[in-house]
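Trainee: Data: final-v8.txt, compact mmCIF, C-alpha atoms and all ligand atoms.
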```txt
# COMPACT_ATOMS: atom_id res chain seq x y z
CA MET A 1 -66.75 -57.94 -177.15
CA PHE A 2 -66.32 -54.16 -176.80
CA ASP A 3 -67.53 -51.84 -174.07
CA PHE A 4 -69.21 -48.70 -175.39
CA ASN A 5 -71.39 -48.12 -172.34
CA ASP A 6 -71.97 -44.39 -171.67
CA LYS A 7 -70.70 -43.50 -175.15
CA THR A 8 -72.67 -41.70 -177.83
CA ALA A 9 -71.90 -42.59 -181.44
CA ILE A 10 -72.95 -41.08 -184.75
CA VAL A 11 -72.99 -43.44 -187.74
CA THR A 12 -73.72 -41.95 -191.18
CA GLY A 13 -75.13 -44.12 -193.94
CA ALA A 14 -76.47 -46.28 -191.12
CA GLY A 15 -79.67 -47.22 -192.93
CA SER A 16 -78.06 -49.96 -195.01
CA GLY A 17 -75.10 -52.26 -195.51
CA ILE A 18 -71.88 -51.59 -193.62
CA GLY A 19 -73.25 -48.61 -191.67
CA GLU A 20 -76.23 -50.62 -190.45
CA ALA A 21 -73.94 -53.44 -189.26
CA ILE A 22 -71.75 -50.93 -187.39
CA ALA A 23 -74.77 -49.22 -185.79
CA LEU A 24 -76.09 -52.60 -184.60
CA GLU A 25 -72.73 -53.71 -183.18
CA LEU A 26 -72.09 -50.39 -181.41
CA ALA A 27 -75.55 -50.53 -179.85
CA ALA A 28 -75.11 -54.19 -178.86
CA SER A 29 -71.90 -53.11 -177.09
CA GLY A 30 -73.70 -50.42 -175.07
CA ALA A 31 -73.44 -47.23 -177.16
CA PHE A 32 -76.27 -44.78 -177.69
CA VAL A 33 -76.30 -44.69 -181.49
CA ILE A 34 -77.51 -41.76 -183.57
CA VAL A 35 -78.63 -43.60 -186.70
CA SER A 36 -78.19 -41.20 -189.60
CA ASP A 37 -78.90 -41.68 -193.29
CA LEU A 38 -80.42 -39.86 -196.25
CA ASP A 39 -83.41 -42.15 -196.05
CA LYS A 40 -85.69 -41.28 -193.12
CA ASP A 41 -87.48 -44.63 -193.20
CA ALA A 42 -84.21 -46.55 -193.16
CA CYS A 43 -83.08 -44.52 -190.11
CA ALA A 44 -86.35 -45.36 -188.36
CA GLN A 45 -86.11 -49.08 -189.20
CA VAL A 46 -82.54 -49.50 -187.94
CA THR A 47 -83.36 -47.47 -184.81
CA ALA A 48 -86.41 -49.67 -184.16
CA SER A 49 -84.35 -52.82 -184.54
CA ILE A 50 -81.83 -51.51 -181.95
CA LEU A 51 -84.60 -50.49 -179.52
CA ASP A 52 -86.29 -53.92 -179.97
CA LYS A 53 -83.09 -55.58 -178.76
CA GLY A 54 -82.98 -53.34 -175.67
CA GLY A 55 -80.36 -50.96 -177.09
CA LYS A 56 -80.25 -47.18 -177.17
CA ALA A 57 -80.67 -45.24 -180.42
CA ALA A 58 -82.33 -42.28 -182.09
CA PRO A 59 -82.80 -41.56 -185.80
CA PHE A 60 -81.63 -38.41 -187.57
CA ALA A 61 -82.06 -38.10 -191.35
CA ALA A 62 -79.29 -36.00 -192.90
CA ASP A 63 -77.45 -35.59 -196.18
CA VAL A 64 -73.71 -35.73 -195.47
CA SER A 65 -73.01 -33.44 -198.43
CA ASP A 66 -74.89 -30.63 -196.65
CA ALA A 67 -72.60 -28.95 -194.08
CA ASN A 68 -75.54 -27.44 -192.20
CA ALA A 69 -77.11 -30.88 -191.86
CA MET A 70 -73.85 -32.26 -190.44
CA GLU A 71 -73.76 -29.45 -187.87
CA ALA A 72 -77.39 -30.19 -186.98
CA LEU A 73 -76.61 -33.93 -186.64
CA VAL A 74 -73.87 -33.25 -184.09
CA GLY A 75 -76.13 -30.77 -182.27
CA PHE A 76 -78.84 -33.44 -182.11
CA ALA A 77 -76.41 -36.00 -180.64
CA GLU A 78 -75.32 -33.56 -177.93
CA ALA A 79 -78.87 -32.44 -177.17
CA GLU A 80 -80.13 -36.06 -176.91
CA THR A 81 -77.33 -37.51 -174.82
CA GLY A 82 -75.16 -34.65 -173.52
CA ALA A 83 -71.95 -35.44 -175.45
CA LEU A 84 -70.50 -37.04 -178.57
CA HIS A 85 -67.68 -39.58 -178.16
CA LEU A 86 -67.61 -41.71 -181.33
CA ALA A 87 -68.33 -41.18 -185.04
CA VAL A 88 -68.24 -43.31 -188.16
CA ASN A 89 -68.24 -41.31 -191.38
CA ASN A 90 -69.50 -44.16 -193.49
CA ALA A 91 -72.04 -42.77 -196.01
CA GLY A 92 -70.76 -43.15 -199.55
CA ILE A 93 -71.83 -43.73 -203.13
CA GLY A 94 -70.22 -45.59 -206.03
CA GLY A 95 -71.00 -43.05 -208.73
CA ALA A 96 -71.02 -43.44 -212.49
CA GLN A 97 -68.82 -45.99 -214.26
CA ALA A 98 -66.89 -44.48 -217.19
CA PRO A 99 -63.31 -43.95 -218.32
CA THR A 100 -61.82 -40.71 -217.04
CA GLY A 101 -61.90 -39.09 -220.49
CA ASP A 102 -65.68 -39.60 -220.62
CA TYR A 103 -66.52 -39.25 -216.93
CA PRO A 104 -69.65 -37.08 -216.52
CA ILE A 105 -68.79 -33.83 -214.75
CA ASP A 106 -71.94 -33.83 -212.63
CA ALA A 107 -71.31 -37.44 -211.52
CA TRP A 108 -67.74 -36.48 -210.51
CA GLN A 109 -69.04 -33.59 -208.42
CA GLN A 110 -71.71 -35.73 -206.76
CA VAL A 111 -69.22 -38.43 -205.70
CA ILE A 112 -66.74 -35.88 -204.34
CA ASN A 113 -69.56 -34.05 -202.53
CA VAL A 114 -70.73 -37.18 -200.74
CA ASN A 115 -67.58 -39.30 -200.30
CA LEU A 116 -65.06 -36.55 -199.55
CA ASN A 117 -66.82 -33.28 -198.69
CA GLY A 118 -69.33 -35.23 -196.61
CA VAL A 119 -66.56 -36.67 -194.45
CA PHE A 120 -64.93 -33.27 -194.04
CA TYR A 121 -68.27 -31.74 -192.96
CA GLY A 122 -68.65 -34.59 -190.47
CA LEU A 123 -65.18 -34.06 -188.99
CA ARG A 124 -65.66 -30.30 -188.99
CA TYR A 125 -68.45 -30.58 -186.39
CA GLN A 126 -67.66 -33.92 -184.71
CA ILE A 127 -64.16 -32.88 -183.65
CA PRO A 128 -65.21 -29.75 -181.69
CA ALA A 129 -67.96 -31.82 -180.03
CA MET A 130 -65.41 -34.47 -179.02
CA GLU A 131 -63.14 -31.75 -177.63
CA ARG A 132 -66.10 -30.60 -175.52
CA ALA A 133 -66.58 -34.23 -174.43
CA GLY A 134 -62.91 -34.59 -173.41
CA GLY A 135 -61.92 -36.96 -176.24
CA GLY A 136 -63.23 -39.45 -178.73
CA ALA A 137 -62.58 -41.69 -181.71
CA ILE A 138 -63.57 -41.46 -185.36
CA VAL A 139 -63.45 -43.93 -188.24
CA ASN A 140 -63.72 -42.73 -191.83
CA MET A 141 -64.91 -45.41 -194.28
CA ALA A 142 -62.43 -45.51 -197.16
CA SER A 143 -61.95 -48.58 -199.36
CA ILE A 144 -59.18 -50.69 -200.85
CA LEU A 145 -59.68 -48.11 -203.60
CA GLY A 146 -58.05 -45.62 -201.23
CA SER A 147 -54.72 -47.22 -202.12
CA VAL A 148 -55.12 -48.83 -205.57
CA GLY A 149 -56.88 -47.79 -208.78
CA PHE A 150 -59.96 -49.33 -210.39
CA ALA A 151 -60.83 -48.71 -214.03
CA ASN A 152 -63.94 -46.64 -214.80
CA SER A 153 -64.25 -45.37 -211.21
CA SER A 154 -62.01 -42.32 -211.14
CA ALA A 155 -64.30 -40.19 -208.95
CA TYR A 156 -64.77 -42.96 -206.36
CA VAL A 157 -61.07 -43.86 -206.33
CA ALA A 158 -60.00 -40.21 -206.08
CA SER A 159 -62.47 -39.55 -203.25
CA LYS A 160 -61.22 -42.54 -201.24
CA HIS A 161 -57.52 -41.68 -201.79
CA ALA A 162 -58.21 -38.11 -200.65
CA LEU A 163 -60.04 -39.41 -197.59
CA LEU A 164 -56.80 -40.99 -196.38
CA GLY A 165 -54.95 -37.65 -196.53
CA LEU A 166 -57.78 -35.97 -194.66
CA THR A 167 -57.77 -38.74 -192.03
CA LYS A 168 -54.00 -38.56 -191.46
CA THR A 169 -53.94 -34.77 -191.23
CA ALA A 170 -56.85 -34.50 -188.80
CA ALA A 171 -55.37 -37.34 -186.72
CA MET A 172 -52.07 -35.46 -186.35
CA GLU A 173 -53.86 -32.27 -185.37
CA TYR A 174 -55.87 -33.92 -182.57
CA ALA A 175 -53.58 -36.74 -181.41
CA GLN A 176 -52.66 -34.88 -178.22
CA LYS A 177 -56.23 -33.84 -177.56
CA GLY A 178 -57.51 -37.35 -176.97
CA ILE A 179 -59.20 -37.78 -180.35
CA ARG A 180 -58.09 -40.73 -182.50
CA ILE A 181 -59.00 -40.72 -186.20
CA ASN A 182 -58.47 -43.71 -188.49
CA ALA A 183 -59.62 -45.01 -191.86
CA VAL A 184 -60.91 -48.46 -192.78
CA GLY A 185 -60.39 -49.94 -196.23
CA PRO A 186 -62.82 -52.73 -197.11
CA ALA A 187 -62.49 -54.72 -200.31
CA PHE A 188 -65.74 -55.69 -202.05
CA ILE A 189 -68.47 -56.27 -199.48
CA GLN A 190 -71.90 -57.84 -199.96
CA THR A 191 -74.18 -54.81 -199.51
CA PRO A 192 -76.90 -53.09 -201.56
CA LEU A 193 -74.17 -50.81 -203.01
CA LEU A 194 -72.96 -53.88 -204.93
CA THR A 195 -76.01 -56.11 -205.16
CA ASN A 196 -78.27 -53.33 -206.49
CA ASN A 197 -75.79 -52.41 -209.21
CA LEU A 198 -74.08 -55.65 -210.31
CA SER A 199 -75.26 -58.95 -211.79
CA GLN A 200 -74.47 -62.27 -210.07
CA ASP A 201 -71.86 -62.94 -212.79
CA MET A 202 -70.15 -59.65 -212.00
CA LEU A 203 -70.25 -60.42 -208.25
CA ASP A 204 -68.67 -63.82 -208.94
CA GLY A 205 -65.99 -62.09 -210.99
CA LEU A 206 -65.27 -59.69 -208.15
CA ALA A 207 -65.04 -62.58 -205.67
CA GLY A 208 -62.22 -64.02 -207.77
CA LEU A 209 -60.14 -60.85 -207.27
CA HIS A 210 -59.79 -61.68 -203.57
CA PRO A 211 -57.24 -64.38 -202.62
CA MET A 212 -59.83 -65.71 -200.14
CA GLY A 213 -62.10 -66.36 -203.14
CA ARG A 214 -65.11 -64.44 -201.85
CA ILE A 215 -66.34 -60.96 -201.15
CA GLY A 216 -66.68 -59.84 -197.54
CA THR A 217 -69.57 -59.16 -195.19
CA SER A 218 -70.69 -56.00 -193.43
CA VAL A 219 -70.15 -57.70 -190.09
CA GLU A 220 -66.48 -58.27 -190.95
CA VAL A 221 -66.08 -54.53 -191.62
CA SER A 222 -67.96 -53.66 -188.45
CA ALA A 223 -65.62 -55.81 -186.32
CA LEU A 224 -62.56 -53.81 -187.44
CA THR A 225 -64.37 -50.48 -187.15
CA CYS A 226 -65.58 -51.19 -183.62
CA PHE A 227 -62.09 -52.29 -182.61
CA LEU A 228 -60.64 -48.99 -183.88
CA LEU A 229 -63.31 -47.03 -181.99
CA SER A 230 -62.67 -48.96 -178.79
CA GLU A 231 -60.17 -48.41 -175.98
CA ARG A 232 -58.42 -51.58 -177.19
CA ALA A 233 -57.06 -49.40 -180.04
CA SER A 234 -55.79 -46.67 -177.70
CA PHE A 235 -52.38 -46.25 -179.48
CA ILE A 236 -53.78 -46.34 -183.03
CA THR A 237 -54.40 -43.10 -184.88
CA GLY A 238 -53.82 -41.61 -188.32
CA SER A 239 -53.69 -44.98 -190.03
CA TYR A 240 -55.47 -46.96 -192.72
CA HIS A 241 -56.66 -50.48 -191.89
CA LEU A 242 -57.63 -52.99 -194.55
CA VAL A 243 -60.32 -55.66 -194.32
CA ASP A 244 -59.87 -57.08 -197.78
CA GLY A 245 -59.55 -60.87 -197.95
CA GLY A 246 -56.03 -60.37 -199.34
CA TYR A 247 -57.13 -58.18 -202.30
CA THR A 248 -54.17 -55.82 -202.04
CA ALA A 249 -51.58 -58.49 -201.11
CA PRO A 250 -50.31 -59.43 -204.61
P1 LIG B 1 -74.95 -48.97 -199.04
O1 LIG B 1 -75.49 -50.31 -198.64
O2 LIG B 1 -75.41 -48.33 -200.29
O3 LIG B 1 -75.17 -47.99 -197.80
C1 LIG B 1 -74.79 -46.65 -197.88
C2 LIG B 1 -75.83 -45.84 -197.16
O4 LIG B 1 -75.43 -44.45 -197.26
C3 LIG B 1 -77.22 -45.94 -197.81
O5 LIG B 1 -78.20 -46.11 -196.82
C4 LIG B 1 -77.35 -44.62 -198.52
O6 LIG B 1 -78.68 -44.16 -198.59
C5 LIG B 1 -76.56 -43.71 -197.61
N1 LIG B 1 -76.20 -42.48 -198.30
C6 LIG B 1 -75.90 -42.30 -199.61
N2 LIG B 1 -75.67 -41.01 -199.86
C7 LIG B 1 -75.83 -40.36 -198.68
C8 LIG B 1 -75.75 -39.01 -198.30
N3 LIG B 1 -75.46 -38.04 -199.19
N4 LIG B 1 -75.98 -38.67 -197.01
C9 LIG B 1 -76.31 -39.63 -196.11
N5 LIG B 1 -76.41 -40.93 -196.40
C10 LIG B 1 -76.18 -41.30 -197.69
O7 LIG B 1 -73.36 -49.02 -199.15
P2 LIG B 1 -72.24 -49.79 -198.33
O8 LIG B 1 -71.66 -50.81 -199.22
O9 LIG B 1 -72.71 -50.17 -196.98
O10 LIG B 1 -71.16 -48.61 -198.22
C11 LIG B 1 -70.87 -47.93 -197.03
C12 LIG B 1 -69.49 -47.32 -197.16
O11 LIG B 1 -68.53 -48.35 -197.36
C13 LIG B 1 -69.34 -46.35 -198.34
O12 LIG B 1 -68.54 -45.25 -197.95
C14 LIG B 1 -68.61 -47.18 -199.38
O13 LIG B 1 -67.85 -46.40 -200.27
C15 LIG B 1 -67.73 -48.03 -198.48
N6 LIG B 1 -67.26 -49.25 -199.11
C16 LIG B 1 -68.15 -50.18 -199.58
C17 LIG B 1 -67.66 -51.32 -200.21
C18 LIG B 1 -68.55 -52.38 -200.76
O14 LIG B 1 -68.05 -53.21 -201.53
N7 LIG B 1 -69.82 -52.44 -200.42
C19 LIG B 1 -66.27 -51.50 -200.33
C20 LIG B 1 -65.41 -50.54 -199.83
C21 LIG B 1 -65.92 -49.41 -199.21
P3 LIG B 1 -79.55 -44.50 -199.90
O15 LIG B 1 -79.65 -45.97 -199.98
O16 LIG B 1 -80.85 -43.80 -199.62
O17 LIG B 1 -78.79 -43.91 -201.05
```
Now, as a test, write the supplied structure out as structure tokens.
Ligand code: NAP
Mentor:
Amino acid sequence: MFDFNDKTAIVTGAGSGIGEAIALELAASGAFVIVSDLDKDACAQVTASILDKGGKAAPFAADVSDANAMEALVGFAEAETGALHLAVNNAGIGGAQAPTGDYPIDAWQQVINVNLNGVFYGLRYQIPAMERAGGGAIVNMASILGSVGFANSSAYVASKHALLGLTKTAAMEYAQKGIRINAVGPAFIQTPLLTNNLSQDMLDGLAGLHPMGRIGTSVEVSALTCFLLSERASFITGSYHLVDGGYTAP
């Protein structure tokens, strides 16, 4: 559906869930995908599955909360393919569940380090690389919880709200330099982030919060993300796009 031939893309958190779906769709549409994740084996597996289908990919294990690792990731993309054109700052964690008055300080710091600082470190090195490439497009993975609250998740909600401010500001700064930067806000999506942490009863309860009566799929998030990265979205920057089955409509 999209044409990403001759484009190089970095996807963080690409070893699982939404990031994996995005990496697969970008590769199926012609991109050379740098598959990045904390988990080296997961990077290798997703890369192998792209190569098996005739796509182009290379693995690079990196922790997004380590600025040096983010610089090295961008350097790897440029060294492998010559230029970086696309990036999806997708890696994220849910963090502890507790009311704000009891929220563990170390859990707060961990969520902010990964979900917010990790995206800043990504942008910090991706943007100069895209300037060198003559332009590009970036999607930062926010959440519906970038615009509404959710009890017992203050660190996650705060990180995703802050991500929208970061996205808008960076987008304004680079709008005339050919780099578009947007955020995507999924509602609850069937991935290991949810299925590893919640019982089936809790998943059913979450489904009922969406007017469509179900939670979403990684492929549905990938479709929006790939659209925003593509030339079809050439006049879209600095904005926040929901894929939420109506969650935020009421
Ligand atoms: P997931 O299945 O857990 O995948 C996230 C991936 O990111 C995992 O492979 C994880 O590795 C990796 N990761 C975690 N910390 C990292 C770090 N410091 N550096 C590099 N990689 C790291 O989760 P998902 O549901 O696909 O979530 C992807 C993004 O979508 C997140 O930003 C999340 O907040 C957002 N989102 C998800 C939902 C949802 O309902 N699923 C809804 C809205 C937004 P490990 O497995 O080794 O930890």
Trainee: Find, counting all atoms listed in the file, the residue in A:Phe2, A:Trp108, A:Phe76, A:Phe235 that gets nearest to Ile181 in chain A.
Mentor: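 Counting all atoms listed in the file, the residue closest to Ile181 in chain A is A:Phe235.
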Trainee: Residues contacting ligand LIG 1 (chain B) - anything with an atom at most 7 Å away, using all atoms listed in the file - can you give me those as an MDAnalysis selection string?
Mentor: chainID A and resid 12:19 36:39 62:65 90:94 114:115 141:144 185:194
Trainee: Could you check the closest approach to Phe32 in chain A for each of A:Lys53, A:Met70, A:Ala158, A:Leu84 and tell me which residue wins, using all atoms listed in the file?
Mentor: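 Nearest to Phe32 in chain A: A:Leu84.
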Trainee: What does the distance between CA of Ala83 in chain A and CA of Arg124 in chain A come to in Å, to one decimal place?
Mentor: 15.8 Å
Trainee: Taking all atoms listed in the file into account, name the residue in A:Asp66, A:Ser199, A:Arg180, A:Leu164 that is nearest to Ile138 in chain A.
Mentor: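 Looking only at the distances to Ile138 in chain A, the closest residue turns out to be A:Arg180.
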